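Notes follow once the structure below has been shown.
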Amino acid sequence: MKTMKYLSIAALAVVGAVVTGCSSDDNIADGSQSATQDNIVTVTTTVGFDEGAQARGTTRALRIDYENRKADKTFAVGDQVALVYENTSEKKVMAVSEALTAEDISAEGNSATLTFTLTNPKNSQTVEYFYPASLVSLNENGNIVVPIATQDGTLADVASHDYACCNTGSMSGTTLSPVTLENKFAIVAFTLKDADGTHDITSTITGMTIKAGSENYTVKGHDTDGRIYVIMRPTDGTHDITITANDGIRDYTKTLTGKTYAANNFYQQGLRMTPQSTTLNLVSLPGSITAQDGDVLTGTLNVEYDKYMISIADGATVTLNGVTINGANSSSYHWAGITCLGDATIILSGTNTVKGFYQDYPGIYVPSDKTLTIRGRGSLDASSNGAGAGIGGGFNLACGNIRIEGGTITATGGAYSAGIGGGNGAACGDITITNTVTKVTATKGENATNSIGAGGNDGRVGTVTIGGVTGAITDSPYTYQP
């Protein structure tokens, strides 16, 4: 989509007025004067948009040219304008113009002739214009109401809520003064990324709420161009703007301080969203997930149907509480049972089983030069589906550092792979098992060299330290129980 800049709005010129009316003297029955009748006034006014602004392409839009990603504000057949005025009882009322015909519109849609019918208007007063009339209503307090609390996130929906108005017009007798229409809202096109800015999450968002001072907006969805379009009342920076988005799994939040969105302007706003921790039940996932800091994983991933990748974000501490992942051994699913995307900490609670997907991958993968730390009092049974380690690397897939500080661990390697450490023909980093664990049992795969350490086929490993003692473990199965 072509970048849109600050958009100024159309000026509306009002010229001329023709008035007709009737008095109570016009209707006499039974030789006596009737009660006072309403004073009905018909006013015809010519209005026009600022052609200079239209030519510059800076007007904001009530109509959208999707082919050219362009928005123009012009009059069209059927349009109506609302006029708010006070009657002789000093009550605000609203009149809606007659629908525009083709003959009413001129100057390529930039000018139109409008006809209003008013009832008992005050002789001298300030009036307000609102275009288009279909967007507005008048509440019992005489205030205009424009419903923008709920939106669908598309540019078309924004256009359907975008209106122009004027509160400086005046009526003296039957004469309307010239006025200028201005848009009273700001339009913001949001794009959202994860906390580190590496992944765009806009298209995954199913709902978003925005709180700006006393204003609250609920936005459902996004447009096909990957943006979330929102129409907002102006903000002056005195109140924080809090944005919460949900992707069907978790909430993401962002607070903007001192942010100004001025009326009659269009903004493109990119945000890095902070993910909120949550409990993720693997039974009901909508797709692949990346667990964030503080998340709790629970439940069974039904790999017969759900071929999803389960990852842990860089730097995150995640709890496994009753997790079962039995990966499907298929070349369509090139990933481990759990993939650490960087440094990660796993807290064990309850009984957990993690088996890798495609045979070349481990049960739990630790990327090269990163560290996985395992703690807690629960248990973990980790295994490959063929040629990877239980915890560590895979076939020609180097792994980083592994540090086990707690829990009951059972790790089983595949062919040429260690239970804990390297996969077939790959390097890995340091492996440390402290005396604070409950029990660690490691079993090497067929033709593997070590149960804890390097894998087979010239696999390499850093330093292996178990309970303060250094050296790789060739015994298989091997159990360490301090």
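To be explicit about the labels: the chains of the structure tokens are called A, B, and onward in the order shown, and within each one the residues are counted from 1, while ligands get numbers from 1 in the order they are shown.
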Report as a ChimeraX atom specification: the residues of segment 26-249 of chain A with a DSSP assignment of helix (DSSP H, G or I), based on the backbone of this structure.
/A:26,51-56,102-104,107-109,133-135,155-161,202-204
Pull N, CA, C and O atoms from the residues just selected and write them as an mmCIF file, in the first residue's frame.
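Below is the file that was written, again_19.cif:
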```cif
data_model
loop_
_atom_site.group_PDB
_atom_site.id
_atom_site.type_symbol
_atom_site.label_atom_id
_atom_site.label_comp_id
_atom_site.auth_asym_id
_atom_site.auth_seq_id
_atom_site.Cartn_x
_atom_site.Cartn_y
_atom_site.Cartn_z
ATOM 1 N N ASP A 26 -52.378 32.527 8.273
ATOM 2 C CA ASP A 26 -52.743 31.901 7.006
ATOM 3 C C ASP A 26 -53.874 30.885 7.135
ATOM 4 O O ASP A 26 -54.420 30.440 6.141
ATOM 5 N N GLU A 51 -11.087 22.342 -3.146
ATOM 6 C CA GLU A 51 -10.545 21.682 -4.334
ATOM 7 C C GLU A 51 -9.027 21.626 -4.323
ATOM 8 O O GLU A 51 -8.418 20.711 -4.865
ATOM 9 N N GLY A 52 -8.381 22.609 -3.688
ATOM 10 C CA GLY A 52 -6.926 22.585 -3.606
ATOM 11 C C GLY A 52 -6.439 21.390 -2.812
ATOM 12 O O GLY A 52 -5.489 20.701 -3.198
ATOM 13 N N ALA A 53 -7.103 21.099 -1.690
ATOM 14 C CA ALA A 53 -6.726 19.938 -0.881
ATOM 15 C C ALA A 53 -6.993 18.657 -1.632
ATOM 16 O O ALA A 53 -6.202 17.710 -1.602
ATOM 17 N N GLN A 54 -8.121 18.620 -2.375
ATOM 18 C CA GLN A 54 -8.426 17.433 -3.161
ATOM 19 C C GLN A 54 -7.345 17.193 -4.211
ATOM 20 O O GLN A 54 -6.890 16.073 -4.419
ATOM 21 N N ALA A 55 -6.921 18.257 -4.861
ATOM 22 C CA ALA A 55 -5.905 18.126 -5.902
ATOM 23 C C ALA A 55 -4.580 17.632 -5.344
ATOM 24 O O ALA A 55 -3.851 16.896 -5.996
ATOM 25 N N ARG A 56 -4.286 18.030 -4.114
ATOM 26 C CA ARG A 56 -3.032 17.582 -3.486
ATOM 27 C C ARG A 56 -3.135 16.148 -2.971
ATOM 28 O O ARG A 56 -2.145 15.561 -2.554
ATOM 29 N N ALA A 102 -28.050 13.728 -8.779
ATOM 30 C CA ALA A 102 -26.933 14.047 -9.678
ATOM 31 C C ALA A 102 -26.925 15.534 -10.030
ATOM 32 O O ALA A 102 -25.859 16.143 -10.196
ATOM 33 N N GLU A 103 -28.113 16.122 -10.127
ATOM 34 C CA GLU A 103 -28.200 17.544 -10.465
ATOM 35 C C GLU A 103 -27.710 18.437 -9.340
ATOM 36 O O GLU A 103 -27.328 19.595 -9.566
ATOM 37 N N ASP A 104 -27.717 17.927 -8.090
ATOM 38 C CA ASP A 104 -27.270 18.718 -6.939
ATOM 39 C C ASP A 104 -25.742 18.804 -6.851
ATOM 40 O O ASP A 104 -25.209 19.649 -6.134
ATOM 41 N N ALA A 107 -18.688 20.228 -9.816
ATOM 42 C CA ALA A 107 -17.239 20.320 -9.593
ATOM 43 C C ALA A 107 -16.632 18.971 -9.220
ATOM 44 O O ALA A 107 -15.845 18.852 -8.277
ATOM 45 N N GLU A 108 -17.015 17.936 -9.976
ATOM 46 C CA GLU A 108 -16.477 16.581 -9.782
ATOM 47 C C GLU A 108 -16.658 16.090 -8.343
ATOM 48 O O GLU A 108 -15.787 15.443 -7.779
ATOM 49 N N GLY A 109 -17.800 16.417 -7.792
ATOM 50 C CA GLY A 109 -18.117 15.934 -6.451
ATOM 51 C C GLY A 109 -17.649 16.825 -5.336
ATOM 52 O O GLY A 109 -17.880 16.527 -4.163
ATOM 53 N N ALA A 133 -24.681 12.413 7.158
ATOM 54 C CA ALA A 133 -25.684 12.393 8.222
ATOM 55 C C ALA A 133 -25.916 11.002 8.780
ATOM 56 O O ALA A 133 -26.292 10.840 9.938
ATOM 57 N N SER A 134 -25.655 9.984 7.974
ATOM 58 C CA SER A 134 -25.936 8.604 8.407
ATOM 59 C C SER A 134 -25.078 8.165 9.585
ATOM 60 O O SER A 134 -25.396 7.189 10.265
ATOM 61 N N LEU A 135 -23.969 8.869 9.854
ATOM 62 C CA LEU A 135 -23.063 8.457 10.928
ATOM 63 C C LEU A 135 -23.452 8.998 12.294
ATOM 64 O O LEU A 135 -22.932 8.524 13.297
ATOM 65 N N LEU A 155 -9.780 -0.656 6.560
ATOM 66 C CA LEU A 155 -9.861 0.710 6.072
ATOM 67 C C LEU A 155 -11.282 1.048 5.636
ATOM 68 O O LEU A 155 -11.746 2.185 5.796
ATOM 69 N N ALA A 156 -11.980 0.058 5.097
ATOM 70 C CA ALA A 156 -13.370 0.289 4.697
ATOM 71 C C ALA A 156 -14.231 0.644 5.898
ATOM 72 O O ALA A 156 -15.094 1.528 5.823
ATOM 73 N N ASP A 157 -14.006 -0.018 7.018
ATOM 74 C CA ASP A 157 -14.779 0.280 8.218
ATOM 75 C C ASP A 157 -14.431 1.669 8.748
ATOM 76 O O ASP A 157 -15.308 2.409 9.201
ATOM 77 N N VAL A 158 -13.144 2.023 8.693
ATOM 78 C CA VAL A 158 -12.734 3.370 9.097
ATOM 79 C C VAL A 158 -13.451 4.413 8.239
ATOM 80 O O VAL A 158 -13.981 5.413 8.744
ATOM 81 N N ALA A 159 -13.488 4.168 6.929
ATOM 82 C CA ALA A 159 -14.151 5.112 6.037
ATOM 83 C C ALA A 159 -15.630 5.245 6.371
ATOM 84 O O ALA A 159 -16.209 6.317 6.248
ATOM 85 N N SER A 160 -16.227 4.137 6.816
ATOM 86 C CA SER A 160 -17.653 4.178 7.137
ATOM 87 C C SER A 160 -17.936 4.939 8.420
ATOM 88 O O SER A 160 -19.083 5.252 8.722
ATOM 89 N N HIS A 161 -16.883 5.234 9.211
ATOM 90 C CA HIS A 161 -17.046 6.007 10.448
ATOM 91 C C HIS A 161 -16.454 7.407 10.353
ATOM 92 O O HIS A 161 -16.617 8.213 11.264
ATOM 93 N N THR A 202 0.844 -8.896 13.394
ATOM 94 C CA THR A 202 -0.409 -8.209 13.063
ATOM 95 C C THR A 202 -1.450 -9.176 12.519
ATOM 96 O O THR A 202 -2.615 -9.147 12.921
ATOM 97 N N SER A 203 -1.040 -10.021 11.588
ATOM 98 C CA SER A 203 -2.004 -10.905 10.920
ATOM 99 C C SER A 203 -2.539 -11.994 11.839
ATOM 100 O O SER A 203 -3.545 -12.631 11.524
ATOM 101 N N THR A 204 -1.887 -12.218 12.990
ATOM 102 C CA THR A 204 -2.364 -13.243 13.923
ATOM 103 C C THR A 204 -3.349 -12.678 14.932
ATOM 104 O O THR A 204 -3.992 -13.444 15.659
#
```
Would you give me, as a PyMOL selection string, the residues in segment 77-137 of chain A that DSSP reads as strand (DSSP E)?
chain A and resi 82-86+92-96+105-106+111-119+124-131+137
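When atom CA of Leu297 of chain A is paired with atom CA of Asp247 of chain A, their separation reads 17.0 Å.
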Using only C-alpha atoms, the shortest atom-to-atom distance to Gly207 of chain A among A:Ile148, A:Leu301, A:Ile243, A:Cys428 belongs to A:Ile243
With only C-alpha atoms as the basis for distance, which of A:Gln125, A:Thr353, A:Ser368, A:Thr209 is at the shortest distance from Asp152 of chain A?
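Smallest distance to Asp152 of chain A is found for A:Thr209.
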Report as a ChimeraX atom specification all protein, DNA and RNA residues lying within 8 Å of Tyr261 of chain A, evaluated on only C-alpha atoms, omitting residues in the same chain fewer than 6 positions from it.
/A:186,234-236,267
Any idea what's packed within 6 Å of Leu320 of chain A, counting only C-alpha atoms, ignoring anything in its chain fewer than 3 positions away? Could you give it as a short mmCIF file (atom, residue, chain, number, x, y, z; two decimals) with C-alpha atoms, in the first residue's frame?
```cif
data_model
loop_
_atom_site.label_atom_id
_atom_site.label_comp_id
_atom_site.auth_asym_id
_atom_site.auth_seq_id
_atom_site.Cartn_x
_atom_site.Cartn_y
_atom_site.Cartn_z
CA LEU A 297 2.68 -25.53 29.22
CA VAL A 323 3.09 -32.07 29.17
CA LEU A 348 9.62 -29.19 35.72
CA SER A 349 6.33 -29.78 37.51
#
```
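The nearest approach to Ala418 of chain A among the residues A:Thr436, A:Asn396, A:Thr479, A:Asn447, with only C-alpha atoms taken into account, belongs to A:Asn447.
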Give me the residues near Ser383 of chain A as a PyMOL selection string, where near means some atom within 9 Å (using only C-alpha atoms) and where sequence neighbours in that chain fewer than 2 positions away do not count.
chain A and resi 337+353-356+362-364+381+385-386+388-391+410-414+419
Can you tell me, as number ranges by chain, what residues are no more than 12 Å from Val146 of chain A when counting only C-alpha atoms, ignoring any on the same chain fewer than 5 positions away?
A: 130-139, 160-165, 184-185, 231-233
Could you name the residues that touch segment 75-83 of chain A at 8 Å or less, counting only C-alpha atoms, but leaving out those on the same chain fewer than 2 positions away, as a PyMOL selection string?
chain A and resi 73+85+94-102+105+109-112+114+116+127-134+136
Rank A:Thr324, A:Ser417, A:Thr432, A:Gln359 by their smallest atom-to-atom distance to Glu446 of chain A, using only C-alpha atoms, and report the top residue only.
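Ranked by minimum distance to Glu446 of chain A, first place goes to A:Ser417.
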Expressed in Å, the length from atom CA of Val440 of chain A to atom CA of Ala291 of chain A is 25.2 Å
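Pairwise distance (atom CA of Glu405 of chain A, atom CA of Ser451 of chain A) equals 18.1 Å.
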